[in-house]
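Shown next, in structure tokens, is the structure this report addresses.
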Amino acid sequence: MSELNKEIKYLKGVGEARARLFKKLGVVTLRELLRYFPRDYEDRTVFKKIAELSDGESVTVRAVASDSPRLSRTPRGRELALLRVYDDTGMMDVRFFNQSYVKDAISAGETYLFYGKILRAGGAAQMTNPVFERDGGGNPVKIGRVTPIYRMTAGLNMRSVSNTVALALKLCGDALPDSLPRSVREEYGLAAARFAYENIHFPKDFESLKIARRRLIFEDLFVLSVTARRRRAERGSSSGQAVISEGFGEFYSALPFEPTAAQKRAVDEAARDLASGGVMARMLQGDVGSGKTLVAAALAWTVAKNGFQTAFMAPTELLAEQHFRTFEEFLSPLGVRVGRLTGSLGVKAKRLAREALVSGETDVIVGTHALLSEGVDFRALALVITDEQHRFGVSQRAALGQKGESPHVLVMSATPIPRTLALILYGDLDVSELNELPPGRKSVMTYSAGERLRRRIYDFARRLVSEGRQVYFVCPAVEEADVPGTGGEGIEARSPGAGDSELKRAREYAKQLQSEIFPELSVGLVHGSMKAREKDAAMASFISGETDILVATTVIEVGVDVPNAALIVIENADRFGLSQLHQLRGRVGRGEHQSYCVLMRGADGEKSRERLDILRGTNDGFEIAEADLRQRGPGDFFGSRQHGIPASRFIEQGAEAGTIWDARRAADTVLARDPGLKLRENRALREAVDAIFLASDGTFN
Ligand code: ADP
Ligand code: MG
């Protein structure tokens, strides 16, 4: 067994208890530990003189301790060690909380390096809980380097994580994860695995970090590319249920509107796959509001006419309920029997729904992942449709695929994926694109606003409501705060969950809007941790128009369709990715009313303005996705859920489109030379690809 698959609990200094904490971070084996990439780095290489220090910056100061630290207690009982230090330009105060050991670690008259954040409010500069070490003249150990910052969990501290990583690196020697064939590495000038892993964790400098990152990103993209290619090749040989269509006229003429040309084209493309005798694996891409649901319904209709069943899976209860209603509306008049299976149904209703599936009484079942549970069986499942497919884990989708005999698969994605990246992520799927919106849509007018305008925005919301419209207020979900460590290293103690105080928590916010701002209106609330039934009720009340204003977290991000909503106000907009904001914006402008999106800038107002301007500049999801890719890298598109490859964290900060193309080209070259990956130099690659296959049972992407 490879060293890499060993569990870290056997490492020196780890043990059962600590291993359990690591497990919370998703780290059990050495491989996982090595791939537990830092979420950020701290530049401890910048030195400054005391006189030059300015408020808020994080720097290293070389200074002499004027005496040894003085211990006292704060009124709240914390231990405080106070120290005064100086250099040839001035004095600085250093404070340590609950670190009384510094009393013995720092002696008067000696020179130290202190790294930390400067507080300077007028008078002397101050540092709280700095990292420090004696200035020994030689190479500094903790300071003067680029230092990794890991995502933490309570009970672990930064130092124990980085020590464990260092130990793992040493233990593994040259047996590091490496799926790049040598030829590829040479052709694209990529670093060796050893260099990459050492420098992603403990960069020699920022240049080395960049080189390490490029190599690791390239490797991931390359493996994904190869996987997608091979899947496609494999699928070419399997056969599926033949579903024959004789035109969609009957379906179209029953609709309340005329389908767009793009919708018809997508339907025809998929219908051809269904009739081909092979297995369809198609992705339907289309910007928010382009009408993907209709395409799904058309296919479900033709499948039902052939006597087969369709399963339609939505990522949330909210969406499942909404789609259920839409499908009923479209399909019931045509004699197609639509059922639903969601978590909010009672036990009996669930049982009935399941029975109707086995007996074949239900033609189309709409549901959430509840469709995946044991005991859900189909009489003749032929088509599986997943909406907003990027929200599902691979294994979930695979499980549904197994409920029939290689059913046809349609995945619908509203997150426009830049073409370059789509080729890698979905290289094994055929793609249909809805490149036009239904006619008569007015594009959403988008503004970004600072606090100053808040009153006016409330007034505007009130006016729209008085005209009969409805309004969303969106708050970011509360982020999982990085739990500070408890070790001696001061930096971990900084600002736990910085900015939490400004986060508009949905619940309080709804209360405040109701009681202080809009007492005469009806304010509703929907958020992720509500029970399914409560969510349904909140949504139903908004859909019916009973609620004027809906305060929501990102549970409404995808798919929710309430055409009467004409304004969406997004609080702390800078916390969202551009594509996500675009999705949220897509909640309005779905009907005939002129609609508006207001992006409230948070604290970093100026910095975020530029980014938000991209959204003001265009309503085109693809353009926005490209911009997101340029700014943040492809991490968002992967989501760590996507392929179980935890590289996304650092990919976010790094990859440019060039790397994506290169990785893809390299994949083609390697497969052209060695389609079965049988050559020796491709062995590790093959293992990596197989691992992804296994994780998804090779069913479909
Ligand atoms: P999405 O692609 O974002 O999932 P939906 O399928 O939810 O979009 O459709 C958005 C809205 O547009 C829905 O209210 C739907 O009824 C409506 N719609 C879909 N197709 C058309 C069309 N061809 N003409 C007019 N309205 C349409
Ligand atoms: Mg949708």
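In the structure tokens, the first chain shown is A, the next is B, and so on; residue numbers restart at 1 for each chain, and ligands run from 1 in the order shown.
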Once you count only C-alpha atoms and all ligand atoms, what closest atom pair and distance in Å to one decimal does each residue of chain A within 7 Å of ligand 1 have, with rows by chain and rising residue number, as JSON lines?
{"residue": "A:Phe257", "atom": "CA", "partner": "ligand 1", "partner_atom_place_in_ligand_line": "24 (N)", "distance": 5.1}
{"residue": "A:Glu258", "atom": "CA", "partner": "ligand 1", "partner_atom_place_in_ligand_line": "23 (N)", "distance": 5.1}
{"residue": "A:Pro259", "atom": "CA", "partner": "ligand 1", "partner_atom_place_in_ligand_line": "23 (N)", "distance": 3.5}
{"residue": "A:Thr260", "atom": "CA", "partner": "ligand 1", "partner_atom_place_in_ligand_line": "23 (N)", "distance": 4.6}
{"residue": "A:Gly286", "atom": "CA", "partner": "ligand 1", "partner_atom_place_in_ligand_line": "2 (O)", "distance": 5.8}
{"residue": "A:Asp287", "atom": "CA", "partner": "ligand 1", "partner_atom_place_in_ligand_line": "2 (O)", "distance": 6.1}
{"residue": "A:Val288", "atom": "CA", "partner": "ligand 1", "partner_atom_place_in_ligand_line": "3 (O)", "distance": 3.7}
{"residue": "A:Gly289", "atom": "CA", "partner": "ligand 1", "partner_atom_place_in_ligand_line": "3 (O)", "distance": 3.5}
{"residue": "A:Ser290", "atom": "CA", "partner": "ligand 1", "partner_atom_place_in_ligand_line": "2 (O)", "distance": 4.1}
{"residue": "A:Gly291", "atom": "CA", "partner": "ligand 1", "partner_atom_place_in_ligand_line": "6 (O)", "distance": 3.3}
{"residue": "A:Lys292", "atom": "CA", "partner": "ligand 1", "partner_atom_place_in_ligand_line": "2 (O)", "distance": 3.9}
{"residue": "A:Thr293", "atom": "CA", "partner": "ligand 1", "partner_atom_place_in_ligand_line": "6 (O)", "distance": 3.7}
{"residue": "A:Leu294", "atom": "CA", "partner": "ligand 1", "partner_atom_place_in_ligand_line": "6 (O)", "distance": 5.7}
{"residue": "A:Ala414", "atom": "CA", "partner": "ligand 1", "partner_atom_place_in_ligand_line": "3 (O)", "distance": 6.4}
{"residue": "A:Pro438", "atom": "CA", "partner": "ligand 1", "partner_atom_place_in_ligand_line": "24 (N)", "distance": 4.4}
{"residue": "A:Pro439", "atom": "CA", "partner": "ligand 1", "partner_atom_place_in_ligand_line": "24 (N)", "distance": 6.3}
{"residue": "A:Gly559", "atom": "CA", "partner": "ligand 1", "partner_atom_place_in_ligand_line": "4 (O)", "distance": 5.5}
{"residue": "A:Asp561", "atom": "CA", "partner": "ligand 1", "partner_atom_place_in_ligand_line": "7 (O)", "distance": 5.7}
{"residue": "A:Pro563", "atom": "CA", "partner": "ligand 1", "partner_atom_place_in_ligand_line": "14 (O)", "distance": 6.2}
{"residue": "A:Arg590", "atom": "CA", "partner": "ligand 1", "partner_atom_place_in_ligand_line": "11 (C)", "distance": 5.6}
{"residue": "A:Gly591", "atom": "CA", "partner": "ligand 1", "partner_atom_place_in_ligand_line": "14 (O)", "distance": 7.0}
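By chain and then residue number, the residues within 8 Å of A:Ser522 are Gln514, Glu546, Thr547, Asp548 and Ile549 of chain A, counting only C-alpha atoms and disregarding those fewer than 5 positions away in sequence.
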Output C-alpha atoms for every residue in the selection just made, as a CSV table (one decimal), in the first residue's frame.
chain,number,residue,atom,x,y,z
A,514,GLN,CA,-41.1,44.4,9.4
A,546,GLU,CA,-49.8,37.8,0.3
A,547,THR,CA,-46.3,38.6,1.3
A,548,ASP,CA,-45.0,41.9,-0.2
A,549,ILE,CA,-41.4,41.6,0.7
Distance filter 12 Å around ligand 2, atoms: only C-alpha atoms and all ligand atoms, out as a PyMOL selection string: chain A and resi 284-297+312-316+318-320+322-323+326+385-389+411-415+556-562+583+586-587+590
Contact residues around A:Tyr86 with only C-alpha atoms at 12 Å, ignoring same-chain residues under 4 positions, as a compact mmCIF listing (two decimals) with C-alpha atoms, in the first residue's frame:
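Full text of result36.txt as output:
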# COMPACT_ATOMS: atom_id res chain seq x y z
CA LYS A 49 10.91 50.58 10.92
CA ILE A 50 8.70 51.58 13.82
CA ALA A 51 8.42 55.18 12.64
CA VAL A 61 9.40 44.75 12.93
CA ARG A 62 12.93 44.14 14.19
CA ALA A 63 13.14 45.66 17.65
CA VAL A 64 14.84 45.44 21.04
CA ALA A 65 12.89 44.57 24.18
CA SER A 66 13.34 47.44 26.61
CA ASP A 67 12.60 45.23 29.61
CA GLY A 90 10.82 54.84 17.81
CA MET A 91 8.91 52.80 20.38
CA MET A 92 6.17 50.22 20.00
CA ASP A 93 3.87 48.56 22.54
CA VAL A 94 3.39 44.83 22.30
CA ALA A 108 15.36 42.76 28.16
CA GLY A 109 17.99 44.08 25.81
CA GLU A 110 17.63 41.30 23.23
CA THR A 111 16.54 41.83 19.62
CA TYR A 112 13.44 40.10 18.26
CA LEU A 113 11.40 39.92 15.11
CA PHE A 114 7.71 40.62 15.63
CA ALA A 124 2.54 54.93 19.65
CA ALA A 125 2.20 51.91 17.39
CA GLN A 126 0.81 48.75 18.95
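Proximity of A:Glu198, A:Glu467, A:Glu321, A:Glu508 to A:His527, computed with only C-alpha atoms, is greatest for A:Glu508.
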Which of stretch 232-377 of chain A fall in alpha helix (DSSP H), as an NGL selection string: :A and (232-235 or 249-253 or 261-275 or 292-305 or 317-331 or 347-359)
Members of stretch 322-384 of chain A assigned strand (DSSP E) by DSSP, as a list in words: Val338, Gly339, Arg340, Leu341, Val364, Ile365, Val366, Gly367, Leu381, Ala382, Leu383 and Val384 of chain A
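Minimum atom-to-atom distance to A:Leu25, evaluated using only C-alpha atoms, belongs to A:Thr153 out of A:Thr153, A:Ser72, A:Thr669, A:Asn564.
Close contacts of stretch 568-573 of chain A, defined as residues with an atom at most 7 Å away when counting only C-alpha atoms, with chain neighbours fewer than 3 positions off set aside, comprise Val471, Tyr472, Phe473, Val474, Cys475, Pro476, Phe576, Arg585, Val588, Tyr596, Cys597, Val598, Leu599, Met600, Arg601 and Gly602 of chain A.
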Can you write out the residues you just picked, keeping N, CA, C and O atoms, as a PDB file, in the first residue's frame?
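What follows is the written file out_20.pdb:
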ATOM      1  N   VAL A 471     -40.864  42.371  -3.706  1.00  0.00           N
ATOM      2  CA  VAL A 471     -39.447  42.684  -3.537  1.00  0.00           C
ATOM      3  C   VAL A 471     -38.733  41.590  -2.754  1.00  0.00           C
ATOM      4  O   VAL A 471     -39.282  41.046  -1.786  1.00  0.00           O
ATOM      5  N   TYR A 472     -37.517  41.274  -3.192  1.00  0.00           N
ATOM      6  CA  TYR A 472     -36.651  40.382  -2.409  1.00  0.00           C
ATOM      7  C   TYR A 472     -35.564  41.191  -1.715  1.00  0.00           C
ATOM      8  O   TYR A 472     -34.997  42.108  -2.313  1.00  0.00           O
ATOM      9  N   PHE A 473     -35.254  40.835  -0.497  1.00  0.00           N
ATOM     10  CA  PHE A 473     -34.022  41.292   0.141  1.00  0.00           C
ATOM     11  C   PHE A 473     -33.182  40.054   0.433  1.00  0.00           C
ATOM     12  O   PHE A 473     -33.665  39.127   1.087  1.00  0.00           O
ATOM     13  N   VAL A 474     -31.959  40.037  -0.040  1.00  0.00           N
ATOM     14  CA  VAL A 474     -31.129  38.852   0.123  1.00  0.00           C
ATOM     15  C   VAL A 474     -29.969  39.142   1.062  1.00  0.00           C
ATOM     16  O   VAL A 474     -29.285  40.158   0.925  1.00  0.00           O
ATOM     17  N   CYS A 475     -29.756  38.265   2.016  1.00  0.00           N
ATOM     18  CA  CYS A 475     -28.599  38.379   2.911  1.00  0.00           C
ATOM     19  C   CYS A 475     -27.682  37.201   2.655  1.00  0.00           C
ATOM     20  O   CYS A 475     -28.152  36.104   2.415  1.00  0.00           O
ATOM     21  N   PRO A 476     -26.387  37.420   2.755  1.00  0.00           N
ATOM     22  CA  PRO A 476     -25.475  36.285   2.590  1.00  0.00           C
ATOM     23  C   PRO A 476     -25.726  35.288   3.704  1.00  0.00           C
ATOM     24  O   PRO A 476     -26.021  35.686   4.835  1.00  0.00           O
ATOM     25  N   PHE A 576     -20.447  37.856  -2.495  1.00  0.00           N
ATOM     26  CA  PHE A 576     -20.867  36.847  -3.463  1.00  0.00           C
ATOM     27  C   PHE A 576     -19.962  36.870  -4.684  1.00  0.00           C
ATOM     28  O   PHE A 576     -19.401  37.906  -5.028  1.00  0.00           O
ATOM     29  N   ARG A 585     -29.786  37.937  -9.313  1.00  0.00           N
ATOM     30  CA  ARG A 585     -30.448  38.962 -10.104  1.00  0.00           C
ATOM     31  C   ARG A 585     -31.513  38.342 -11.004  1.00  0.00           C
ATOM     32  O   ARG A 585     -32.553  38.938 -11.279  1.00  0.00           O
ATOM     33  N   VAL A 588     -35.445  38.334 -10.600  1.00  0.00           N
ATOM     34  CA  VAL A 588     -36.375  39.367 -11.085  1.00  0.00           C
ATOM     35  C   VAL A 588     -36.216  39.505 -12.594  1.00  0.00           C
ATOM     36  O   VAL A 588     -35.324  38.907 -13.193  1.00  0.00           O
ATOM     37  N   TYR A 596     -35.464  45.657 -11.191  1.00  0.00           N
ATOM     38  CA  TYR A 596     -34.271  46.327 -10.687  1.00  0.00           C
ATOM     39  C   TYR A 596     -33.503  45.419  -9.751  1.00  0.00           C
ATOM     40  O   TYR A 596     -34.084  44.619  -9.023  1.00  0.00           O
ATOM     41  N   CYS A 597     -32.183  45.596  -9.782  1.00  0.00           N
ATOM     42  CA  CYS A 597     -31.333  44.874  -8.844  1.00  0.00           C
ATOM     43  C   CYS A 597     -30.420  45.881  -8.183  1.00  0.00           C
ATOM     44  O   CYS A 597     -29.738  46.652  -8.863  1.00  0.00           O
ATOM     45  N   VAL A 598     -30.431  45.902  -6.856  1.00  0.00           N
ATOM     46  CA  VAL A 598     -29.550  46.821  -6.140  1.00  0.00           C
ATOM     47  C   VAL A 598     -28.525  46.015  -5.353  1.00  0.00           C
ATOM     48  O   VAL A 598     -28.875  45.156  -4.542  1.00  0.00           O
ATOM     49  N   LEU A 599     -27.266  46.275  -5.626  1.00  0.00           N
ATOM     50  CA  LEU A 599     -26.186  45.570  -4.940  1.00  0.00           C
ATOM     51  C   LEU A 599     -25.664  46.477  -3.840  1.00  0.00           C
ATOM     52  O   LEU A 599     -25.086  47.527  -4.116  1.00  0.00           O
ATOM     53  N   MET A 600     -25.913  46.102  -2.600  1.00  0.00           N
ATOM     54  CA  MET A 600     -25.426  46.922  -1.493  1.00  0.00           C
ATOM     55  C   MET A 600     -23.963  46.574  -1.246  1.00  0.00           C
ATOM     56  O   MET A 600     -23.624  45.415  -1.018  1.00  0.00           O
ATOM     57  N   ARG A 601     -23.140  47.593  -1.288  1.00  0.00           N
ATOM     58  CA  ARG A 601     -21.731  47.338  -1.014  1.00  0.00           C
ATOM     59  C   ARG A 601     -21.512  47.326   0.487  1.00  0.00           C
ATOM     60  O   ARG A 601     -22.053  48.144   1.210  1.00  0.00           O
ATOM     61  N   GLY A 602     -20.680  46.394   0.921  1.00  0.00           N
ATOM     62  CA  GLY A 602     -20.374  46.318   2.345  1.00  0.00           C
ATOM     63  C   GLY A 602     -19.234  47.256   2.685  1.00  0.00           C
ATOM     64  O   GLY A 602     -19.044  48.295   2.054  1.00  0.00           O
TER      65      GLY A 602
END
Residue neighbourhood A:Asp668, 12 Å, only C-alpha atoms, exclusion window fewer than 4 positions, as number ranges by chain: A: 184, 222-230, 423-424, 427, 661-664, 672-675, 677
Would you output that residue set with N, CA, C and O atoms, as a PDB file, in the first residue's frame?
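Output file out-v8.pdb is given in full below:
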ATOM      1  N   VAL A 184       4.539  15.306 -20.425  1.00  0.00           N
ATOM      2  CA  VAL A 184       3.677  16.476 -20.298  1.00  0.00           C
ATOM      3  C   VAL A 184       4.348  17.532 -19.433  1.00  0.00           C
ATOM      4  O   VAL A 184       4.363  18.727 -19.737  1.00  0.00           O
ATOM      5  N   PHE A 222      -5.890  18.600 -16.080  1.00  0.00           N
ATOM      6  CA  PHE A 222      -5.444  17.566 -17.008  1.00  0.00           C
ATOM      7  C   PHE A 222      -6.147  16.238 -16.704  1.00  0.00           C
ATOM      8  O   PHE A 222      -6.699  15.583 -17.585  1.00  0.00           O
ATOM      9  N   VAL A 223      -6.168  15.867 -15.457  1.00  0.00           N
ATOM     10  CA  VAL A 223      -6.809  14.598 -15.084  1.00  0.00           C
ATOM     11  C   VAL A 223      -8.306  14.640 -15.411  1.00  0.00           C
ATOM     12  O   VAL A 223      -8.877  13.683 -15.935  1.00  0.00           O
ATOM     13  N   LEU A 224      -8.929  15.772 -15.125  1.00  0.00           N
ATOM     14  CA  LEU A 224     -10.357  15.894 -15.437  1.00  0.00           C
ATOM     15  C   LEU A 224     -10.608  15.779 -16.937  1.00  0.00           C
ATOM     16  O   LEU A 224     -11.549  15.125 -17.379  1.00  0.00           O
ATOM     17  N   SER A 225      -9.751  16.405 -17.689  1.00  0.00           N
ATOM     18  CA  SER A 225      -9.872  16.345 -19.144  1.00  0.00           C
ATOM     19  C   SER A 225      -9.785  14.916 -19.654  1.00  0.00           C
ATOM     20  O   SER A 225     -10.599  14.481 -20.468  1.00  0.00           O
ATOM     21  N   VAL A 226      -8.795  14.225 -19.174  1.00  0.00           N
ATOM     22  CA  VAL A 226      -8.602  12.845 -19.611  1.00  0.00           C
ATOM     23  C   VAL A 226      -9.825  12.014 -19.212  1.00  0.00           C
ATOM     24  O   VAL A 226     -10.335  11.208 -19.991  1.00  0.00           O
ATOM     25  N   THR A 227     -10.318  12.246 -18.001  1.00  0.00           N
ATOM     26  CA  THR A 227     -11.476  11.490 -17.528  1.00  0.00           C
ATOM     27  C   THR A 227     -12.684  11.719 -18.427  1.00  0.00           C
ATOM     28  O   THR A 227     -13.362  10.767 -18.841  1.00  0.00           O
ATOM     29  N   ALA A 228     -12.934  12.993 -18.711  1.00  0.00           N
ATOM     30  CA  ALA A 228     -14.088  13.324 -19.544  1.00  0.00           C
ATOM     31  C   ALA A 228     -13.972  12.650 -20.910  1.00  0.00           C
ATOM     32  O   ALA A 228     -14.933  12.073 -21.421  1.00  0.00           O
ATOM     33  N   ARG A 229     -12.795  12.713 -21.495  1.00  0.00           N
ATOM     34  CA  ARG A 229     -12.570  12.096 -22.797  1.00  0.00           C
ATOM     35  C   ARG A 229     -12.849  10.593 -22.778  1.00  0.00           C
ATOM     36  O   ARG A 229     -13.467  10.033 -23.665  1.00  0.00           O
ATOM     37  N   ARG A 230     -12.373   9.969 -21.756  1.00  0.00           N
ATOM     38  CA  ARG A 230     -12.520   8.514 -21.697  1.00  0.00           C
ATOM     39  C   ARG A 230     -13.970   8.116 -21.465  1.00  0.00           C
ATOM     40  O   ARG A 230     -14.463   7.147 -21.992  1.00  0.00           O
ATOM     41  N   LEU A 423     -15.488  22.590 -21.427  1.00  0.00           N
ATOM     42  CA  LEU A 423     -14.898  21.496 -22.182  1.00  0.00           C
ATOM     43  C   LEU A 423     -14.214  20.502 -21.264  1.00  0.00           C
ATOM     44  O   LEU A 423     -14.181  19.311 -21.524  1.00  0.00           O
ATOM     45  N   ILE A 424     -13.667  21.011 -20.197  1.00  0.00           N
ATOM     46  CA  ILE A 424     -12.992  20.119 -19.268  1.00  0.00           C
ATOM     47  C   ILE A 424     -13.975  19.473 -18.308  1.00  0.00           C
ATOM     48  O   ILE A 424     -13.990  18.261 -18.106  1.00  0.00           O
ATOM     49  N   GLY A 427     -16.688  17.693 -20.697  1.00  0.00           N
ATOM     50  CA  GLY A 427     -16.198  17.277 -22.012  1.00  0.00           C
ATOM     51  C   GLY A 427     -16.866  16.004 -22.491  1.00  0.00           C
ATOM     52  O   GLY A 427     -16.831  15.682 -23.673  1.00  0.00           O
ATOM     53  N   TRP A 661      -6.588  25.670 -21.263  1.00  0.00           N
ATOM     54  CA  TRP A 661      -6.365  25.211 -22.636  1.00  0.00           C
ATOM     55  C   TRP A 661      -5.199  24.246 -22.725  1.00  0.00           C
ATOM     56  O   TRP A 661      -5.277  23.204 -23.380  1.00  0.00           O
ATOM     57  N   ASP A 662      -4.110  24.617 -22.076  1.00  0.00           N
ATOM     58  CA  ASP A 662      -2.921  23.755 -22.120  1.00  0.00           C
ATOM     59  C   ASP A 662      -3.235  22.363 -21.584  1.00  0.00           C
ATOM     60  O   ASP A 662      -2.856  21.353 -22.163  1.00  0.00           O
ATOM     61  N   ALA A 663      -3.939  22.331 -20.469  1.00  0.00           N
ATOM     62  CA  ALA A 663      -4.235  21.042 -19.835  1.00  0.00           C
ATOM     63  C   ALA A 663      -5.069  20.172 -20.773  1.00  0.00           C
ATOM     64  O   ALA A 663      -4.883  18.962 -20.878  1.00  0.00           O
ATOM     65  N   ARG A 664      -5.969  20.828 -21.441  1.00  0.00           N
ATOM     66  CA  ARG A 664      -6.834  20.098 -22.344  1.00  0.00           C
ATOM     67  C   ARG A 664      -6.064  19.575 -23.557  1.00  0.00           C
ATOM     68  O   ARG A 664      -6.244  18.444 -23.994  1.00  0.00           O
ATOM     69  N   ALA A 672      -4.165  10.484 -27.584  1.00  0.00           N
ATOM     70  CA  ALA A 672      -3.926  10.119 -28.975  1.00  0.00           C
ATOM     71  C   ALA A 672      -2.814   9.075 -29.046  1.00  0.00           C
ATOM     72  O   ALA A 672      -2.865   8.119 -29.815  1.00  0.00           O
ATOM     73  N   ARG A 673      -1.826   9.260 -28.225  1.00  0.00           N
ATOM     74  CA  ARG A 673      -0.683   8.353 -28.243  1.00  0.00           C
ATOM     75  C   ARG A 673      -1.002   7.051 -27.529  1.00  0.00           C
ATOM     76  O   ARG A 673      -0.529   5.985 -27.883  1.00  0.00           O
ATOM     77  N   ASP A 674      -1.826   7.146 -26.494  1.00  0.00           N
ATOM     78  CA  ASP A 674      -2.039   5.982 -25.633  1.00  0.00           C
ATOM     79  C   ASP A 674      -3.489   5.956 -25.134  1.00  0.00           C
ATOM     80  O   ASP A 674      -3.755   6.238 -23.962  1.00  0.00           O
ATOM     81  N   PRO A 675      -4.422   5.603 -26.026  1.00  0.00           N
ATOM     82  CA  PRO A 675      -5.851   5.715 -25.688  1.00  0.00           C
ATOM     83  C   PRO A 675      -6.234   4.909 -24.451  1.00  0.00           C
ATOM     84  O   PRO A 675      -7.101   5.314 -23.685  1.00  0.00           O
ATOM     85  N   LEU A 677      -4.322   4.276 -21.943  1.00  0.00           N
ATOM     86  CA  LEU A 677      -3.422   4.636 -20.834  1.00  0.00           C
ATOM     87  C   LEU A 677      -2.667   3.401 -20.327  1.00  0.00           C
ATOM     88  O   LEU A 677      -2.650   3.120 -19.125  1.00  0.00           O
TER      89      LEU A 677
END
Option closest in space to A:Ser58, from A:Leu525, A:Lys117, A:Thr29, A:Glu7 [counting only C-alpha atoms]: A:Lys117
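Across the model, the gap from atom CA of A:Pro203 to atom CA of A:Arg159 is 15.7 Å.
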Output as a tab-separated table one row per residue of stretch 23-112 of chain A within 12 Å of stretch 12-17 of chain A: the closest atom pair and its distance in Å to one decimal place, counting only C-alpha atoms, sorted by chain and residue number ascending.
residue	atom	partner	partner_atom	distance
A:Lys23	CA	A:Ala17	CA	10.0
A:Lys24	CA	A:Ala17	CA	11.4
A:Val28	CA	A:Glu16	CA	10.9
A:Leu30	CA	A:Val14	CA	11.9
Residues from the last selection, C-alpha atoms, saved as an mmCIF file, in the first residue's frame:
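As a result, part.cif now contains:
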data_model
loop_
_atom_site.group_PDB
_atom_site.id
_atom_site.type_symbol
_atom_site.label_atom_id
_atom_site.label_comp_id
_atom_site.auth_asym_id
_atom_site.auth_seq_id
_atom_site.Cartn_x
_atom_site.Cartn_y
_atom_site.Cartn_z
ATOM 1 C CA LYS A 23 -11.252 14.316 10.037
ATOM 2 C CA LYS A 24 -13.607 17.213 10.492
ATOM 3 C CA VAL A 28 -7.837 11.172 7.118
ATOM 4 C CA LEU A 30 -1.574 11.372 4.196
#
